[in-house]
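Asks: Here it is: the structure, laid out below.
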Amino acid sequence: MKISAASIILGLMTCFPVTVSARLQPGQTGDTLRLDEAVNRVISAHPTVLAAAQAVEEAEGHIGIAKAGYLPEVAAGASYSRVGPVPSFDFPGYGTIQLFPENNYSATVNVRQLIYDFGRTSKNIQLAEASKDMSTENINLVRQNLAMAVISTYYQLLLVQESVRINNDELKRLNEHLEFIQKMKATGSATDYEILSTKVKISAIENRKTDLLASRQTLSAAMDALLGQPADQIILVARNLDYKADSIGTDSMLLMALHNREELKLAGQKEDLARLQYELTKAMNNPTITAFAAGGGKNGYVPELNAFKANFSAGISLNIPLFDGYREKNHLRIARARIETSQSQTESEKRKVSTEVIQARAELTSAAEKINQFRLQLEQAQEAYHLAQINFRAGAITNLDLLDAEISLAASKLLLTRARVDYVLNLSRLKMALGEPLYSEGHD
């Protein structure tokens, strides 16, 4: 039974509501995409998932081939041959006697059945079934990795999308401010330097917007590729997130990850597969006992050489390998090396999983702390901007001071947005590190 990640993940911090919505910008078209919808679409039809499913089908075929060792082999055949000269001799009083007919016909059905092979076939079946189990488990790993790729692309797209919105809001306010300064200039209350400085800042923000739009297009194309659709639209994403929870220690997280991670399950199955391969190799030179039978008809029997008569043969054969040129010895050597290699890979995977859990937890905790810090910073920036507006109208500060306050406000909004997106993205990374599915398990 899997341990739920909900209580573990939520134990890292207090409640951090994150609400982010997608908005259409002027001249922008596209579809609004939910994260769960994107993940489900990708893991249902992505080529790598389909390829992994075909690997299971292939493994089923290998199981069938292995089980065929218990079934009889049946073959039918027929032949015709004309021979000449036909051996003959003269027998006084009987004339010339042929030893064989000139035209020879035969038809047979041959049956061969393995009686006992001292475990070779059963071990071959076990190996094929273990390969199927590993291929089935690999589907879950492929889905998990694809889901993480979708989540990562989704939240990067969300961050860029929100950055564009913040950038547009900032640009709108600066243009409004520019109009105000130009009116002041007309009355002699502002200088050309103030107007030029405002235009320079507007130009810098427009350049930033160009870069953001290019990033959004690139990320939309990446999402389109994952979804398997033409990259001809700007994808819009929208999501409301609200996480709460309760505290739990790192040791419990590590135990959960070691229990649930698909990579470790696959590593364990590879070890089992290597051991089964070793056992099968040991059995390859076992003796075999086989029964055989053949029945049919042919001509050429004395005294009526041309008469077609029924015939049969049956028996049992024993095959005992005596010397194979040290093939078994060397195959066993290879099999032992594979067992040790798979054991080392399992240990390496355990260390990797432990590192990923600790790292993901640390990054999530850091993102949570940044949310608090940047939320406070945004409140201060909003208050500073409000005071700057009042002081500017009163003539206590210059236009440049107001612009600095405006830019600081936009930067604070962007930092908070980035921290929130980092939080939900790192939450998914921690969930993945713990081995919790990032997709609906209804696809299993």
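In the structure tokens, chains take letters A, B, ... by order of appearance, with residues numbered from 1 within each chain and ligands from 1 in the order shown.
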Write out as a tab-separated table the residues of stretch 249-272 of chain A that have any atom within 9 Å of an atom of stretch 140-151 of chain A, one row each with the nearest atom pair and its distance in Å to one decimal, counting only C-alpha atoms, sorted by chain and then rising number.
Replies:
```
residue	atom	partner	partner_atom	distance
A:Arg261	CA	A:Leu141	CA	8.7
A:Glu262	CA	A:Leu141	CA	5.7
A:Glu263	CA	A:Leu141	CA	7.1
A:Leu266	CA	A:Leu141	CA	8.9
```
Asks: Please save N, CA and C atoms of the selected residues as a tab-separated table (two decimals), in the first residue's frame.
Replies:
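Below is the file that was written, selection-v6.tsv:
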```tsv
chain	number	residue	atom	x	y	z
A	261	ARG	N	9.20	4.75	-5.35
A	261	ARG	CA	9.82	5.21	-6.61
A	261	ARG	C	9.87	4.10	-7.66
A	262	GLU	N	9.39	4.43	-8.86
A	262	GLU	CA	9.37	3.46	-9.95
A	262	GLU	C	10.78	3.04	-10.34
A	263	GLU	N	11.73	3.97	-10.25
A	263	GLU	CA	13.11	3.65	-10.61
A	263	GLU	C	13.67	2.53	-9.73
A	266	LEU	N	12.02	-0.78	-10.65
A	266	LEU	CA	12.65	-1.31	-11.87
A	266	LEU	C	14.04	-1.86	-11.58
```
Asks: With only C-alpha atoms as the counted atoms, please give the residues lying no more than 7 Å from stretch 216-228 of chain A, apart from itself and same-chain residues fewer than 2 positions off, as a list of chain:residue names.
Replies: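 Using only C-alpha atoms, the neighbours found are A:Arg41, A:Val42, A:Thr153, A:Leu157, A:Val160, A:Gln161, A:Leu212, A:Leu213, A:Ala214, A:Pro230, A:Ala231, A:Ile234, A:Ile235.
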Asks: Just N, CA and C atoms for this one: save the residues we selected as a PDB file, in the first residue's frame.
Replies:
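Written out: selection_11.pdb:
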```pdb
ATOM      1  N   ARG A  41      -3.835  14.214 -21.329  1.00  0.00           N
ATOM      2  CA  ARG A  41      -3.730  14.076 -22.788  1.00  0.00           C
ATOM      3  C   ARG A  41      -2.366  13.542 -23.192  1.00  0.00           C
ATOM      4  N   VAL A  42      -1.318  14.021 -22.545  1.00  0.00           N
ATOM      5  CA  VAL A  42       0.033  13.605 -22.932  1.00  0.00           C
ATOM      6  C   VAL A  42       0.289  12.146 -22.579  1.00  0.00           C
ATOM      7  N   THR A 153       6.889  22.493 -18.076  1.00  0.00           N
ATOM      8  CA  THR A 153       6.600  23.398 -19.194  1.00  0.00           C
ATOM      9  C   THR A 153       5.397  24.277 -18.886  1.00  0.00           C
ATOM     10  N   LEU A 157       5.463  28.296 -18.635  1.00  0.00           N
ATOM     11  CA  LEU A 157       4.560  29.062 -19.480  1.00  0.00           C
ATOM     12  C   LEU A 157       3.694  29.996 -18.643  1.00  0.00           C
ATOM     13  N   VAL A 160       5.846  33.005 -17.572  1.00  0.00           N
ATOM     14  CA  VAL A 160       6.026  33.962 -18.663  1.00  0.00           C
ATOM     15  C   VAL A 160       4.727  34.698 -18.937  1.00  0.00           C
ATOM     16  N   GLN A 161       3.630  33.972 -18.908  1.00  0.00           N
ATOM     17  CA  GLN A 161       2.325  34.581 -19.157  1.00  0.00           C
ATOM     18  C   GLN A 161       2.024  35.671 -18.132  1.00  0.00           C
ATOM     19  N   LEU A 212       9.804  38.386 -23.692  1.00  0.00           N
ATOM     20  CA  LEU A 212       8.808  37.547 -23.018  1.00  0.00           C
ATOM     21  C   LEU A 212       7.872  36.888 -24.023  1.00  0.00           C
ATOM     22  N   LEU A 213       7.460  37.646 -25.028  1.00  0.00           N
ATOM     23  CA  LEU A 213       6.565  37.068 -26.038  1.00  0.00           C
ATOM     24  C   LEU A 213       7.268  35.956 -26.820  1.00  0.00           C
ATOM     25  N   ALA A 214       8.560  36.144 -27.088  1.00  0.00           N
ATOM     26  CA  ALA A 214       9.319  35.087 -27.779  1.00  0.00           C
ATOM     27  C   ALA A 214       9.417  33.842 -26.901  1.00  0.00           C
ATOM     28  N   PRO A 230      -0.384  20.766 -33.714  1.00  0.00           N
ATOM     29  CA  PRO A 230       0.411  21.755 -34.453  1.00  0.00           C
ATOM     30  C   PRO A 230       0.760  22.961 -33.582  1.00  0.00           C
ATOM     31  N   ALA A 231       1.975  23.455 -33.735  1.00  0.00           N
ATOM     32  CA  ALA A 231       2.432  24.611 -32.936  1.00  0.00           C
ATOM     33  C   ALA A 231       2.008  25.902 -33.622  1.00  0.00           C
ATOM     34  N   ILE A 234      -0.901  30.257 -29.467  1.00  0.00           N
ATOM     35  CA  ILE A 234      -0.325  30.574 -28.172  1.00  0.00           C
ATOM     36  C   ILE A 234      -1.209  29.939 -27.107  1.00  0.00           C
ATOM     37  N   ILE A 235      -0.670  29.007 -26.351  1.00  0.00           N
ATOM     38  CA  ILE A 235      -1.460  28.318 -25.329  1.00  0.00           C
ATOM     39  C   ILE A 235      -1.575  29.199 -24.097  1.00  0.00           C
TER      40      ILE A 235
END
```
Asks: Excluding stretch 104-111 of chain A and its own-chain neighbours fewer than 3 positions away, which residues fall within 6 Å of it when counting only C-alpha atoms? Please give them as a list in words.
Replies: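 Residues meeting the cut-off are Glu73, Val74, Ala75, Ala76, Gly77, Ala78, Ser79, Tyr80, Ser81, Phe292, Ala293, Ala294, Gly295, Gly296, Gly297, Lys298 and Asn299 of chain A.
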Asks: Neighbours of A:Glu363 within 12 Å (only C-alpha atoms; same-chain residues fewer than 4 positions away dropped), as a list in words?
Replies: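 Result of the neighbour search: Leu12, Glu356, Val357, Ile358, Gln359, Ala367, Ala368, Glu369, Lys370, Ala419, Asp422, Tyr423, Val424, Leu425, Asn426, Leu427, Ser428, Arg429 and Leu430 of chain A.
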Asks: For the selection you just gave me, I'd like the residues written to a file as a PDB file, in the first residue's frame, keeping N, CA and C atoms.
Replies:
```
ATOM      1  N   LEU A  12       5.472  20.869   5.212  1.00  0.00           N
ATOM      2  CA  LEU A  12       6.680  21.664   5.085  1.00  0.00           C
ATOM      3  C   LEU A  12       6.480  23.139   5.408  1.00  0.00           C
ATOM      4  N   GLU A 356      17.532  13.452  -4.197  1.00  0.00           N
ATOM      5  CA  GLU A 356      16.428  14.176  -4.820  1.00  0.00           C
ATOM      6  C   GLU A 356      15.371  14.579  -3.793  1.00  0.00           C
ATOM      7  N   VAL A 357      15.085  13.701  -2.835  1.00  0.00           N
ATOM      8  CA  VAL A 357      14.084  14.017  -1.810  1.00  0.00           C
ATOM      9  C   VAL A 357      14.547  15.196  -0.961  1.00  0.00           C
ATOM     10  N   ILE A 358      15.787  15.121  -0.481  1.00  0.00           N
ATOM     11  CA  ILE A 358      16.314  16.192   0.379  1.00  0.00           C
ATOM     12  C   ILE A 358      16.379  17.509  -0.391  1.00  0.00           C
ATOM     13  N   GLN A 359      16.841  17.443  -1.636  1.00  0.00           N
ATOM     14  CA  GLN A 359      16.951  18.658  -2.449  1.00  0.00           C
ATOM     15  C   GLN A 359      15.567  19.252  -2.725  1.00  0.00           C
ATOM     16  N   ALA A 367      11.204  28.122  -1.357  1.00  0.00           N
ATOM     17  CA  ALA A 367      10.179  28.825  -2.124  1.00  0.00           C
ATOM     18  C   ALA A 367       9.077  29.344  -1.217  1.00  0.00           C
ATOM     19  N   ALA A 368       8.721  28.559  -0.198  1.00  0.00           N
ATOM     20  CA  ALA A 368       7.691  28.997   0.747  1.00  0.00           C
ATOM     21  C   ALA A 368       8.149  30.227   1.529  1.00  0.00           C
ATOM     22  N   GLU A 369       9.412  30.218   1.943  1.00  0.00           N
ATOM     23  CA  GLU A 369       9.943  31.370   2.673  1.00  0.00           C
ATOM     24  C   GLU A 369       9.995  32.607   1.780  1.00  0.00           C
ATOM     25  N   LYS A 370      10.350  32.396   0.507  1.00  0.00           N
ATOM     26  CA  LYS A 370      10.408  33.525  -0.420  1.00  0.00           C
ATOM     27  C   LYS A 370       9.031  34.127  -0.652  1.00  0.00           C
ATOM     28  N   ALA A 419       8.115  33.355  -7.209  1.00  0.00           N
ATOM     29  CA  ALA A 419       8.203  32.532  -6.002  1.00  0.00           C
ATOM     30  C   ALA A 419       7.007  31.595  -5.899  1.00  0.00           C
ATOM     31  N   ASP A 422       7.484  28.914  -8.523  1.00  0.00           N
ATOM     32  CA  ASP A 422       8.532  28.006  -8.033  1.00  0.00           C
ATOM     33  C   ASP A 422       7.982  27.078  -6.950  1.00  0.00           C
ATOM     34  N   TYR A 423       7.110  27.633  -6.112  1.00  0.00           N
ATOM     35  CA  TYR A 423       6.537  26.834  -5.024  1.00  0.00           C
ATOM     36  C   TYR A 423       5.736  25.646  -5.568  1.00  0.00           C
ATOM     37  N   VAL A 424       4.791  25.924  -6.492  1.00  0.00           N
ATOM     38  CA  VAL A 424       3.959  24.842  -7.005  1.00  0.00           C
ATOM     39  C   VAL A 424       4.777  23.874  -7.871  1.00  0.00           C
ATOM     40  N   LEU A 425       5.784  24.400  -8.578  1.00  0.00           N
ATOM     41  CA  LEU A 425       6.631  23.521  -9.385  1.00  0.00           C
ATOM     42  C   LEU A 425       7.483  22.626  -8.492  1.00  0.00           C
ATOM     43  N   ASN A 426       8.061  23.200  -7.429  1.00  0.00           N
ATOM     44  CA  ASN A 426       8.857  22.388  -6.506  1.00  0.00           C
ATOM     45  C   ASN A 426       7.991  21.416  -5.724  1.00  0.00           C
ATOM     46  N   LEU A 427       6.734  21.768  -5.524  1.00  0.00           N
ATOM     47  CA  LEU A 427       5.817  20.833  -4.878  1.00  0.00           C
ATOM     48  C   LEU A 427       5.633  19.589  -5.742  1.00  0.00           C
ATOM     49  N   SER A 428       5.501  19.799  -7.049  1.00  0.00           N
ATOM     50  CA  SER A 428       5.396  18.663  -7.971  1.00  0.00           C
ATOM     51  C   SER A 428       6.695  17.862  -8.001  1.00  0.00           C
ATOM     52  N   ARG A 429       7.826  18.567  -7.923  1.00  0.00           N
ATOM     53  CA  ARG A 429       9.110  17.854  -7.916  1.00  0.00           C
ATOM     54  C   ARG A 429       9.276  17.018  -6.653  1.00  0.00           C
ATOM     55  N   LEU A 430       8.811  17.547  -5.533  1.00  0.00           N
ATOM     56  CA  LEU A 430       8.878  16.766  -4.305  1.00  0.00           C
ATOM     57  C   LEU A 430       7.961  15.556  -4.390  1.00  0.00           C
TER      58      LEU A 430
END
```
Asks: Got a sec to tell me which of stretch 184-408 of chain A DSSP assigns to strand (DSSP E or B), as a VMD selection string?
Replies: chain A and resid 236 to 237 239 to 243 288 to 298 309 to 319
Asks: Between A:Glu194, A:Asn175, A:Ile371, A:Thr187, single out the one closest to A:Asp401, counting only C-alpha atoms.
Replies: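 For A:Asp401, the nearest of the given residues is A:Glu194.
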Asks: Near stretch 51-62 of chain A, counting only C-alpha atoms, which residues have an atom at most 7 Å away, once you skip same-chain residues fewer than 3 positions from it, shown as a list in words?
Replies: Pro47, Thr48, Ile65, Ala66, Ala128, Ser131, Lys132, Ser135, Thr136, Asn138 and Ile139 of chain A
Asks: Those residues you just picked out, can you put them in a file as a PDB file, in the first residue's frame with C-alpha atoms?
Replies:
```
ATOM      1  CA  PRO A  47       4.615   8.112 -28.595  1.00  0.00           C
ATOM      2  CA  THR A  48       6.903   7.082 -25.726  1.00  0.00           C
ATOM      3  CA  ILE A  65       7.431 -18.593 -27.136  1.00  0.00           C
ATOM      4  CA  ALA A  66       8.827 -19.858 -23.826  1.00  0.00           C
ATOM      5  CA  ALA A 128      10.004 -14.051 -19.880  1.00  0.00           C
ATOM      6  CA  SER A 131      10.681  -9.235 -18.415  1.00  0.00           C
ATOM      7  CA  LYS A 132       6.982  -8.513 -18.912  1.00  0.00           C
ATOM      8  CA  SER A 135       8.096  -3.625 -19.134  1.00  0.00           C
ATOM      9  CA  THR A 136       4.773  -2.998 -17.374  1.00  0.00           C
ATOM     10  CA  ASN A 138       8.395   0.938 -17.132  1.00  0.00           C
ATOM     11  CA  ILE A 139       5.115   2.331 -18.474  1.00  0.00           C
TER      12      ILE A 139
END
```
Asks: Go through A:Ser203, A:Thr417, A:Ser342, A:Gln377 and flag the residue nearest A:Ala274, using only C-alpha atoms for the distances.
Replies: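 Counting only C-alpha atoms, the residue closest to A:Ala274 is A:Ser342.
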Asks: From a backbone DSSP assignment, name each residue in stretch 98-276 of chain A labelled helix (DSSP H, G or I), as a PyMOL selection string.
Replies: chain A and resi 120-186+192-227+250-260+262-276
Asks: Fewer than 2 positions away in the same chain doesn't count, so skip those; otherwise give me all residues within 7 Å of A:Leu114, counting only C-alpha atoms, as a ChimeraX atom specification.
Replies: /A:70,72,112,116,289-291
